[in-house]
$ cat coords36.txt   # compact mmCIF, C-alpha atoms and all ligand atoms
# COMPACT_ATOMS: atom_id res chain seq x y z
CA MET Y 721 10.46 -48.15 5.99
CA ARG Y 722 11.17 -46.88 2.51
CA ARG Y 723 10.09 -43.65 1.03
CA SER Y 724 10.18 -42.18 -2.38
CA LEU Y 725 9.73 -38.45 -2.41
CA PRO Y 726 10.08 -37.02 -5.89
CA LEU Y 727 9.34 -33.34 -6.19
CA CYS Y 728 7.34 -33.46 -9.30
CA ALA Y 729 5.43 -31.01 -11.36
CA LEU Y 730 7.51 -27.92 -10.84
CA LEU Y 731 5.32 -25.72 -12.90
CA LEU Y 732 6.40 -22.27 -13.84
CA ALA Y 733 3.12 -20.53 -14.16
CA ALA Y 734 3.21 -17.47 -16.33
CA ALA Y 735 2.36 -14.54 -14.16
CA CYS Y 736 1.30 -12.28 -16.97
CA GLY Y 737 -2.32 -12.26 -15.96
CA GLU Y 738 -1.49 -11.63 -12.32
CA GLU Y 739 0.80 -8.67 -12.63
CA HIS Y 740 -1.87 -6.07 -12.83
CA SER Y 741 -3.90 -7.52 -9.98
CA THR Y 742 -1.15 -6.53 -7.56
CA LEU Y 743 -1.78 -2.88 -8.30
CA PRO Y 744 -4.25 -1.25 -5.94
CA PRO Y 745 -7.61 -1.05 -7.72
CA THR Y 746 -7.59 2.69 -8.07
CA LEU Y 747 -6.76 5.28 -10.62
CA GLY Y 748 -3.71 6.38 -8.71
CA ALA Y 749 -1.17 4.99 -11.12
CA SER Y 750 -2.58 6.55 -14.25
CA ARG Y 751 -3.21 9.80 -12.44
CA ASP Y 752 0.36 10.12 -11.26
CA LEU Y 753 1.76 8.91 -14.53
CA ALA Y 754 -0.03 11.74 -16.23
CA LEU Y 755 1.31 14.24 -13.75
CA VAL Y 756 4.89 13.07 -13.88
CA ALA Y 757 4.80 12.97 -17.62
CA SER Y 758 3.62 16.56 -17.65
CA GLY Y 759 6.58 17.59 -15.54
CA ASP Y 760 4.61 19.84 -13.26
CA LEU Y 761 1.18 20.56 -11.86
CA ALA Y 762 -0.31 23.78 -13.07
CA PRO Y 763 -2.97 25.05 -10.68
CA GLY Y 764 -6.36 24.76 -12.26
CA SER Y 765 -5.04 22.72 -15.14
CA PRO Y 766 -6.92 19.66 -16.34
CA LEU Y 767 -4.21 17.53 -14.76
CA GLY Y 768 -5.18 18.85 -11.36
CA SER Y 769 -8.67 17.50 -11.77
CA GLU Y 770 -7.35 14.02 -12.46
CA SER Y 771 -6.47 13.50 -8.81
CA ARG Y 772 -8.37 10.87 -6.89
CA GLN Y 773 -11.27 12.78 -5.42
CA ILE Y 774 -13.19 10.29 -3.26
CA ALA Y 775 -12.20 8.22 -0.25
CA VAL Y 776 -14.06 6.09 2.30
CA ALA Y 777 -13.23 4.37 5.59
CA ALA Y 778 -15.30 2.39 8.05
CA GLY Y 779 -15.89 3.74 11.54
CA ARG Y 780 -17.48 2.22 14.62
CA SER Y 781 -20.86 2.27 12.97
CA GLY Y 782 -21.01 3.19 9.32
CA TRP Y 783 -18.55 5.01 7.12
CA LEU Y 784 -17.03 8.39 6.44
CA VAL Y 785 -17.09 9.30 2.75
CA VAL Y 786 -14.77 12.16 1.79
CA TRP Y 787 -14.61 14.02 -1.50
CA SER Y 788 -13.50 17.20 -3.19
CA ARG Y 789 -15.99 19.56 -4.72
CA PRO Y 790 -15.82 23.04 -6.21
CA GLY Y 791 -16.11 25.63 -3.48
CA GLY Y 792 -15.51 29.31 -2.94
CA ALA Y 793 -11.81 29.13 -3.72
CA GLY Y 794 -10.95 26.16 -5.83
CA GLU Y 795 -12.02 22.74 -4.61
CA ASP Y 796 -12.87 22.12 -0.96
CA LEU Y 797 -12.89 18.90 1.00
CA VAL Y 798 -16.20 17.71 2.43
CA ALA Y 799 -17.47 14.50 4.02
CA LEU Y 800 -20.64 12.67 4.88
CA ARG Y 801 -21.20 9.97 7.47
CA VAL Y 802 -23.21 7.03 6.17
CA ALA Y 803 -25.03 4.54 8.43
CA PRO Y 804 -24.79 0.76 7.89
CA SER Y 805 -28.32 0.98 6.49
CA GLY Y 806 -27.03 3.32 3.79
CA GLU Y 807 -28.83 6.33 5.23
CA PRO Y 808 -26.79 9.54 5.46
CA LEU Y 809 -26.10 10.61 9.03
CA ASP Y 810 -25.49 14.26 8.10
CA ALA Y 811 -28.13 16.50 6.57
CA THR Y 812 -25.45 18.42 4.68
CA PRO Y 813 -21.82 17.50 4.00
CA ILE Y 814 -19.31 18.28 6.74
CA VAL Y 815 -16.69 20.79 5.59
CA ILE Y 816 -13.29 19.22 6.30
CA SER Y 817 -11.22 22.02 4.78
CA ARG Y 818 -12.12 25.17 2.86
CA GLN Y 819 -8.87 27.05 2.37
CA SER Y 820 -7.71 29.06 -0.58
CA GLY Y 821 -6.49 26.73 -3.31
CA ASP Y 822 -7.60 23.19 -3.96
CA GLU Y 823 -7.92 20.40 -1.42
CA GLN Y 824 -7.71 17.19 -3.39
CA SER Y 825 -6.76 13.51 -3.41
CA PRO Y 826 -8.20 12.61 0.02
CA ALA Y 827 -7.57 9.43 1.97
CA VAL Y 828 -9.06 8.45 5.33
CA ALA Y 829 -8.47 5.93 8.14
CA PHE Y 830 -10.15 5.24 11.51
CA ASP Y 831 -8.42 4.79 14.87
CA GLY Y 832 -11.34 3.27 16.78
CA GLN Y 833 -12.59 6.68 17.90
CA ASP Y 834 -11.97 9.30 15.23
CA TRP Y 835 -11.15 9.37 11.53
CA LEU Y 836 -8.05 11.02 10.13
CA VAL Y 837 -8.56 12.57 6.72
CA VAL Y 838 -5.42 13.44 4.72
CA TRP Y 839 -5.20 15.33 1.44
CA GLN Y 840 -2.97 17.34 -0.88
CA ASP Y 841 -3.37 21.04 -0.21
CA HIS Y 842 -2.71 24.03 -2.42
CA ARG Y 843 -3.30 26.87 0.05
CA VAL Y 844 0.33 27.97 -0.27
CA GLY Y 845 1.41 28.24 -3.88
CA PRO Y 846 2.93 27.30 -6.09
CA TYR Y 847 3.46 23.79 -4.72
CA LEU Y 848 1.31 21.15 -3.04
CA ASN Y 849 1.59 20.11 0.59
CA ILE Y 850 0.05 17.38 2.75
CA TYR Y 851 -2.54 18.33 5.34
CA ALA Y 852 -4.75 16.29 7.68
CA ALA Y 853 -7.72 16.74 9.99
CA ARG Y 854 -9.43 14.49 12.48
CA VAL Y 855 -13.18 13.95 12.31
CA SER Y 856 -14.95 12.61 15.39
CA ALA Y 857 -17.42 9.74 15.23
CA GLY Y 858 -20.08 12.41 15.79
CA GLY Y 859 -18.99 14.28 12.68
CA THR Y 860 -17.08 17.16 14.30
CA VAL Y 861 -13.94 18.37 12.54
CA LEU Y 862 -11.37 18.44 15.36
CA ASP Y 863 -8.66 20.25 13.37
CA PRO Y 864 -10.56 22.89 11.38
CA GLY Y 865 -7.36 24.63 10.26
CA GLY Y 866 -5.75 21.37 9.22
CA ILE Y 867 -2.60 19.69 10.52
CA PRO Y 868 0.37 20.52 8.26
CA VAL Y 869 1.74 17.01 7.85
CA CYS Y 870 4.38 18.01 5.31
CA THR Y 871 5.09 21.43 3.80
CA GLN Y 872 8.55 20.78 2.40
CA ASP Y 873 9.84 22.35 -0.79
CA ASP Y 874 8.24 21.46 -4.08
CA HIS Y 875 5.34 19.01 -4.37
CA GLN Y 876 3.93 16.58 -1.83
CA ARG Y 877 0.84 14.89 -3.19
CA SER Y 878 -1.34 11.76 -3.38
CA PRO Y 879 -1.36 10.81 0.31
CA SER Y 880 -2.56 7.54 1.80
CA VAL Y 881 -3.12 6.75 5.49
CA ALA Y 882 -3.48 3.69 7.74
CA PHE Y 883 -3.90 3.27 11.48
CA VAL Y 884 -1.48 0.78 12.98
CA GLU Y 885 -0.81 -0.02 16.65
CA GLY Y 886 -1.93 3.30 18.06
CA VAL Y 887 -0.67 5.69 15.39
CA PHE Y 888 -1.65 6.91 11.95
CA VAL Y 889 0.96 6.31 9.26
CA VAL Y 890 0.69 8.72 6.32
CA VAL Y 891 2.64 8.24 3.08
CA TRP Y 892 2.74 10.44 -0.01
CA ALA Y 893 4.60 11.10 -3.24
CA ASP Y 894 7.27 13.75 -2.67
CA ARG Y 895 9.29 15.79 -5.12
CA ARG Y 896 11.51 17.66 -2.69
CA ALA Y 897 14.48 16.24 -4.59
CA GLN Y 898 13.08 18.18 -7.55
CA THR Y 899 14.74 15.95 -10.14
CA ASN Y 900 12.55 12.94 -9.37
CA TRP Y 901 9.70 11.71 -7.18
CA ASP Y 902 10.22 9.79 -3.94
CA VAL Y 903 7.91 8.43 -1.25
CA TYR Y 904 7.94 9.95 2.23
CA GLY Y 905 5.91 9.25 5.34
CA ALA Y 906 5.02 10.70 8.74
CA ARG Y 907 3.09 9.57 11.78
CA VAL Y 908 0.18 11.41 13.38
CA THR Y 909 -1.14 10.46 16.81
CA PRO Y 910 -4.86 10.06 17.61
CA ASP Y 911 -4.47 13.40 19.46
CA GLY Y 912 -3.45 15.07 16.22
CA ALA Y 913 0.25 15.46 17.04
CA LEU Y 914 2.71 15.19 14.16
CA LEU Y 915 5.52 12.86 15.26
CA ASP Y 916 7.77 13.27 12.22
CA PRO Y 917 8.00 16.94 11.17
CA GLY Y 918 9.29 17.12 7.63
CA GLY Y 919 8.57 13.44 7.12
CA PHE Y 920 10.88 10.43 6.83
CA PRO Y 921 11.97 8.86 3.55
CA VAL Y 922 10.24 5.60 2.62
CA THR Y 923 12.18 5.37 -0.63
CA THR Y 924 14.52 7.82 -2.30
CA ALA Y 925 15.58 5.45 -5.04
CA PRO Y 926 16.74 6.87 -8.37
CA GLY Y 927 13.94 7.66 -10.77
CA HIS Y 928 10.29 8.14 -9.93
CA GLN Y 929 8.43 6.44 -7.08
CA ILE Y 930 4.80 7.46 -7.22
CA ALA Y 931 1.22 6.56 -6.31
CA PRO Y 932 1.89 5.25 -2.79
CA TYR Y 933 -0.68 3.42 -0.70
CA VAL Y 934 -0.42 2.12 2.84
CA ALA Y 935 -2.34 -0.48 4.85
CA ALA Y 936 -2.00 -1.91 8.35
CA GLY Y 937 -1.50 -5.59 9.06
CA GLY Y 938 0.19 -7.71 11.70
CA GLY Y 939 1.22 -4.73 13.78
CA VAL Y 940 3.06 -2.92 10.99
CA ALA Y 941 2.16 -0.84 7.98
CA LEU Y 942 2.95 -1.89 4.44
CA ALA Y 943 3.58 0.92 2.00
CA VAL Y 944 3.37 0.08 -1.69
CA TRP Y 945 4.19 2.28 -4.63
CA GLN Y 946 4.85 2.26 -8.32
CA ASP Y 947 8.50 2.44 -9.20
CA ALA Y 948 9.73 4.19 -12.32
CA LEU Y 949 7.65 5.83 -14.93
CA PHE Y 950 7.38 3.29 -17.67
CA ASP Y 951 8.18 -0.21 -16.44
CA ALA Y 952 5.66 0.18 -13.62
CA SER Y 953 7.06 -2.34 -11.18
CA VAL Y 954 5.39 -2.46 -7.76
CA GLN Y 955 7.64 -2.02 -4.75
CA ALA Y 956 6.89 -2.19 -1.04
CA ALA Y 957 8.40 -1.52 2.37
CA ARG Y 958 7.28 -2.11 5.91
CA ILE Y 959 6.89 0.82 8.30
CA THR Y 960 6.75 0.09 12.01
CA PRO Y 961 4.58 2.06 14.45
CA SER Y 962 7.84 3.55 15.78
CA GLY Y 963 8.52 5.01 12.35
CA SER Y 964 11.37 2.84 11.13
CA VAL Y 965 11.27 1.82 7.48
CA GLY Y 966 12.38 -1.63 6.35
CA PRO Y 967 14.21 -2.27 3.09
CA ALA Y 968 12.20 -1.88 -0.08
CA PHE Y 969 11.33 -5.11 -1.85
CA PRO Y 970 9.60 -5.86 -5.11
CA VAL Y 971 6.01 -7.04 -5.08
CA SER Y 972 5.83 -7.33 -8.81
CA THR Y 973 8.60 -6.58 -11.21
CA ALA Y 974 7.58 -4.89 -14.33
CA ALA Y 975 5.08 -5.30 -17.05
CA PHE Y 976 7.93 -6.03 -19.44
CA LEU Y 977 9.95 -8.43 -17.33
CA GLN Y 978 8.15 -11.47 -16.01
CA SER Y 979 10.53 -11.84 -13.13
CA ALA Y 980 8.28 -13.12 -10.38
CA PRO Y 981 6.48 -16.20 -11.59
CA ALA Y 982 4.26 -18.21 -9.34
CA VAL Y 983 5.55 -21.72 -8.84
CA ALA Y 984 3.33 -24.72 -8.14
CA PHE Y 985 4.65 -27.65 -6.15
CA ASP Y 986 3.15 -31.12 -5.98
CA GLY Y 987 4.26 -33.68 -3.42
CA SER Y 988 1.51 -36.17 -4.05
CA ALA Y 989 3.92 -38.68 -5.56
CA SER Y 990 5.47 -39.18 -2.16
CA THR Y 991 4.94 -42.70 -0.90
CA ASP Y 992 5.21 -44.38 2.43
CA ASP Y 993 4.42 -47.79 3.87
CA GLY Y 994 2.28 -45.98 6.40
CA ALA Y 995 0.12 -42.96 5.75
CA ILE Y 996 1.64 -39.55 5.15
CA VAL Y 997 -0.14 -37.08 7.38
CA THR Y 998 1.75 -33.81 6.91
CA TYR Y 999 3.53 -32.06 4.08
CA LEU Y 1000 5.76 -29.08 4.95
CA TRP Y 1001 7.43 -27.10 2.20
CA GLU Y 1002 10.42 -24.85 2.80
CA PHE Y 1003 10.93 -22.66 -0.21
CA GLY Y 1004 14.44 -21.49 0.56
CA ASP Y 1005 13.46 -17.83 0.75
CA GLY Y 1006 12.35 -17.92 4.37
CA SER Y 1007 8.76 -18.88 3.74
CA GLU Y 1008 6.94 -22.18 4.26
CA ALA Y 1009 3.65 -23.76 3.35
CA ASN Y 1010 1.69 -26.81 4.37
CA GLY Y 1011 -0.23 -29.11 2.08
CA ARG Y 1012 0.20 -31.83 -0.48
CA THR Y 1013 0.06 -29.33 -3.32
CA VAL Y 1014 1.02 -25.71 -2.76
CA SER Y 1015 1.84 -22.64 -4.79
CA HIS Y 1016 4.48 -20.07 -4.04
CA THR Y 1017 5.67 -16.85 -5.63
CA PHE Y 1018 9.32 -15.94 -5.31
CA ALA Y 1019 9.60 -12.17 -4.96
CA VAL Y 1020 13.24 -12.04 -6.03
CA PRO Y 1021 14.81 -13.88 -8.96
CA GLY Y 1022 17.49 -16.34 -7.92
CA THR Y 1023 18.30 -19.95 -7.14
CA TYR Y 1024 16.36 -21.56 -4.33
CA GLU Y 1025 16.59 -24.93 -2.61
CA VAL Y 1026 13.05 -26.15 -2.04
CA THR Y 1027 12.63 -28.83 0.60
CA LEU Y 1028 9.62 -31.04 1.20
CA TRP Y 1029 9.24 -32.62 4.62
CA VAL Y 1030 6.71 -35.39 5.02
CA THR Y 1031 5.62 -36.98 8.25
CA ASP Y 1032 3.76 -40.26 8.49
CA ASP Y 1033 1.24 -41.52 10.98
CA LEU Y 1034 4.07 -42.92 13.09
CA ALA Y 1035 5.52 -39.38 13.39
CA GLN Y 1036 8.52 -40.36 11.28
CA ALA Y 1037 9.78 -37.60 9.02
CA SER Y 1038 11.73 -37.57 5.81
CA SER Y 1039 12.74 -34.87 3.40
CA ILE Y 1040 13.96 -34.27 -0.09
CA SER Y 1041 15.33 -31.12 -1.65
CA HIS Y 1042 15.32 -29.76 -5.14
CA VAL Y 1043 17.09 -26.70 -6.49
CA ILE Y 1044 15.07 -24.46 -8.76
CA LYS Y 1045 16.00 -21.31 -10.61
CA VAL Y 1046 13.58 -18.39 -10.70
CA LYS Y 1047 14.27 -15.88 -13.45
CA CA Q 1101 5.37 21.45 -0.71
CA CA Q 1102 13.09 8.76 -6.59

$ encode --input "coords36.txt" --output "structure tokens"
Amino acid sequence: MRRSLPLCALLLAAACGEEHSTLPPTLGASRDLALVASGDLAPGSPLGSESRQIAVAAGRSGWLVVWSRPGGAGEDLVALRVAPSGEPLDATPIVISRQSGDEQSPAVAFDGQDWLVVWQDHRVGPYLNIYAARVSAGGTVLDPGGIPVCTQDDHQRSPSVAFVEGVFVVVWADRRAQTNWDVYGARVTPDGALLDPGGFPVTTAPGHQIAPYVAAGGGVALAVWQDALFDASVQAARITPSGSVGPAFPVSTAAFLQSAPAVAFDGSASTDDGAIVTYLWEFGDGSEANGRTVSHTFAVPGTYEVTLWVTDDLAQASSISHVIKVK
């Protein structure tokens, strides 16, 4: 049996058009860029009104829509339950929080029974803090005074929340270091207990890390954020339900540096005197893919040994490797 297995068509696909698609489709980046560039948040300033003001999450049946609106003392946080038919389930908006100072930049997640709404809160000046409140499926606010998720020095703002394996994971942009922004997180139980008073660092890298978002998947949470003010690379880290944070890794490096190209691989030139039935690619960075033609993005520049394994209809396998360099 003879085989010829050239790895052909190593195509470096320019990733220019894909860089921006890795950013969450929200205004968070531009909002926080504006704030960081201003150096501070003046209460009542136009910058304050640039915060994200609407959030939505699915529940058991329908959604909870949360937004900020002008109230008696600055902006308040209100919500409305919406049925799958699109009909509102509340005659008037539910008041989530009406404290002195603005409640802004809400995010919301559902734990199977209740929602947890998180927001940046200005009840204690001059700096922002992170508060939360649970809302039952029936529309009752279970924490009318708010849960103080983080009230550390200086600003905490722009929170995001996900429910993962029995616990809410909240992340936010944090300026407790005062010289630059970081990302911190904390867990809140479905009972409303704060498991991480003060919060834990997700990243305290030099420079600014801003506009964080978090989502659950595969039993862990993935936090993503924008790193640095001007090159706008996207970084990420995994957060387990037990609150441990994995190492930060780049999702997309920079608008100016095309450092994470997608690579297309084609094994269709492989030949066999029988019939090739499987193609398994090992990309050398710990990931694999199946298929005659596959595409893979290397997250980190470097040199990788890519191996193609083919198996024929007699269950005989063969492989060939090729070293590629990803800049
Ligand atoms: Ca604060
Ligand atoms: Ca930082």

$ residues_around --input "coords36.txt" --residues "Y:Gly1011" --least-positions-apart "4" --cutoff "8 Å" --atoms "all atoms listed in the file" --output "PyMOL selection string"
chain Y and resi 998-1001

$ residues_near_ligand --input "coords36.txt" --ligand "ligand CA 1102 (chain Q)" --cutoff "6 Å" --atoms "all atoms listed in the file" --output "mmCIF file with C-alpha atoms, keeping the file's coordinate frame"
data_model
loop_
_atom_site.group_PDB
_atom_site.id
_atom_site.type_symbol
_atom_site.label_atom_id
_atom_site.label_comp_id
_atom_site.auth_asym_id
_atom_site.auth_seq_id
_atom_site.Cartn_x
_atom_site.Cartn_y
_atom_site.Cartn_z
ATOM 1 C CA ASN Y 900 12.550 12.940 -9.370
ATOM 2 C CA TRP Y 901 9.700 11.710 -7.180
ATOM 3 C CA ASP Y 902 10.220 9.790 -3.940
ATOM 4 C CA THR Y 924 14.520 7.820 -2.300
ATOM 5 C CA ALA Y 925 15.580 5.450 -5.040
ATOM 6 C CA PRO Y 926 16.740 6.870 -8.370
ATOM 7 C CA GLY Y 927 13.940 7.660 -10.770
ATOM 8 C CA HIS Y 928 10.290 8.140 -9.930
ATOM 9 C CA GLN Y 929 8.430 6.440 -7.080
#

$ atom_distance --input "coords36.txt" --atom1 "atom CA of Y:Arg907" --atom2 "atom CA of Y:Ser880"
11.6 Å

$ closest_atom_pairs --input "coords36.txt" --of "chain Y" --to "ligand CA 1101 (chain Q)" --cutoff "8 Å" --atoms "only C-alpha atoms and all ligand atoms" --output "tab-separated table"
residue	atom	partner	partner_atom	distance
Y:Tyr847	CA	Q:CA1101	CA	5.0
Y:Leu848	CA	Q:CA1101	CA	4.7
Y:Asn849	CA	Q:CA1101	CA	4.2
Y:Ile850	CA	Q:CA1101	CA	7.5
Y:Cys870	CA	Q:CA1101	CA	7.0
Y:Thr871	CA	Q:CA1101	CA	4.5
Y:Gln872	CA	Q:CA1101	CA	4.5
Y:Asp873	CA	Q:CA1101	CA	4.6
Y:Asp874	CA	Q:CA1101	CA	4.4
Y:His875	CA	Q:CA1101	CA	4.4
Y:Gln876	CA	Q:CA1101	CA	5.2
Y:Arg896	CA	Q:CA1101	CA	7.5

$ write_last_selection --input "coords36.txt" --atoms "C-alpha atoms" --output "compact mmCIF listing (two decimals), in the frame of the given file"
# COMPACT_ATOMS: atom_id res chain seq x y z
CA TYR Y 847 3.46 23.79 -4.72
CA LEU Y 848 1.31 21.15 -3.04
CA ASN Y 849 1.59 20.11 0.59
CA ILE Y 850 0.05 17.38 2.75
CA CYS Y 870 4.38 18.01 5.31
CA THR Y 871 5.09 21.43 3.80
CA GLN Y 872 8.55 20.78 2.40
CA ASP Y 873 9.84 22.35 -0.79
CA ASP Y 874 8.24 21.46 -4.08
CA HIS Y 875 5.34 19.01 -4.37
CA GLN Y 876 3.93 16.58 -1.83
CA ARG Y 896 11.51 17.66 -2.69

$ closest_atom_pairs --input "coords36.txt" --of "stretch 887-974 of chain Y" --to "stretch 833-839 of chain Y" --cutoff "9 Å" --atoms "only C-alpha atoms" --output "JSON lines"
{"residue": "Y:Phe888", "atom": "CA", "partner": "Y:Leu836", "partner_atom": "CA", "distance": 7.8}
{"residue": "Y:Val890", "atom": "CA", "partner": "Y:Val838", "partner_atom": "CA", "distance": 7.9}
{"residue": "Y:Val908", "atom": "CA", "partner": "Y:Leu836", "partner_atom": "CA", "distance": 8.9}
{"residue": "Y:Pro910", "atom": "CA", "partner": "Y:Asp834", "partner_atom": "CA", "distance": 7.5}
{"residue": "Y:Gly912", "atom": "CA", "partner": "Y:Leu836", "partner_atom": "CA", "distance": 8.6}

$ write_last_selection --input "coords36.txt" --atoms "C-alpha atoms" --output "mmCIF file, in the frame of the given file"
data_model
loop_
_atom_site.group_PDB
_atom_site.id
_atom_site.type_symbol
_atom_site.label_atom_id
_atom_site.label_comp_id
_atom_site.auth_asym_id
_atom_site.auth_seq_id
_atom_site.Cartn_x
_atom_site.Cartn_y
_atom_site.Cartn_z
ATOM 1 C CA PHE Y 888 -1.650 6.910 11.950
ATOM 2 C CA VAL Y 890 0.690 8.720 6.320
ATOM 3 C CA VAL Y 908 0.180 11.410 13.380
ATOM 4 C CA PRO Y 910 -4.860 10.060 17.610
ATOM 5 C CA GLY Y 912 -3.450 15.070 16.220
#

$ residues_around --input "coords36.txt" --residues "Y:Glu795" --least-positions-apart "4" --cutoff "10 Å" --atoms "all atoms listed in the file" --output "number ranges by chain"
Y: 764, 769, 787-791, 817-824, 841-842

$ atom_distance --input "coords36.txt" --atom1 "atom CA of Y:Pro932" --atom2 "atom CA of Y:Ala1019"
19.2 Å

$ atom_distance --input "coords36.txt" --atom1 "atom CA of Y:Ala995" --atom2 "atom CA of Y:Glu1008"
21.9 Å

$ axis_aligned_box --input "coords36.txt" --around "stretch 868-874 of chain Y" --padding-each-side "5 Å" --output "JSON"
{"center_x": 5.1, "center_y": 19.7, "center_z": 2.1, "size_x": 19.5, "size_y": 15.3, "size_z": 22.3}
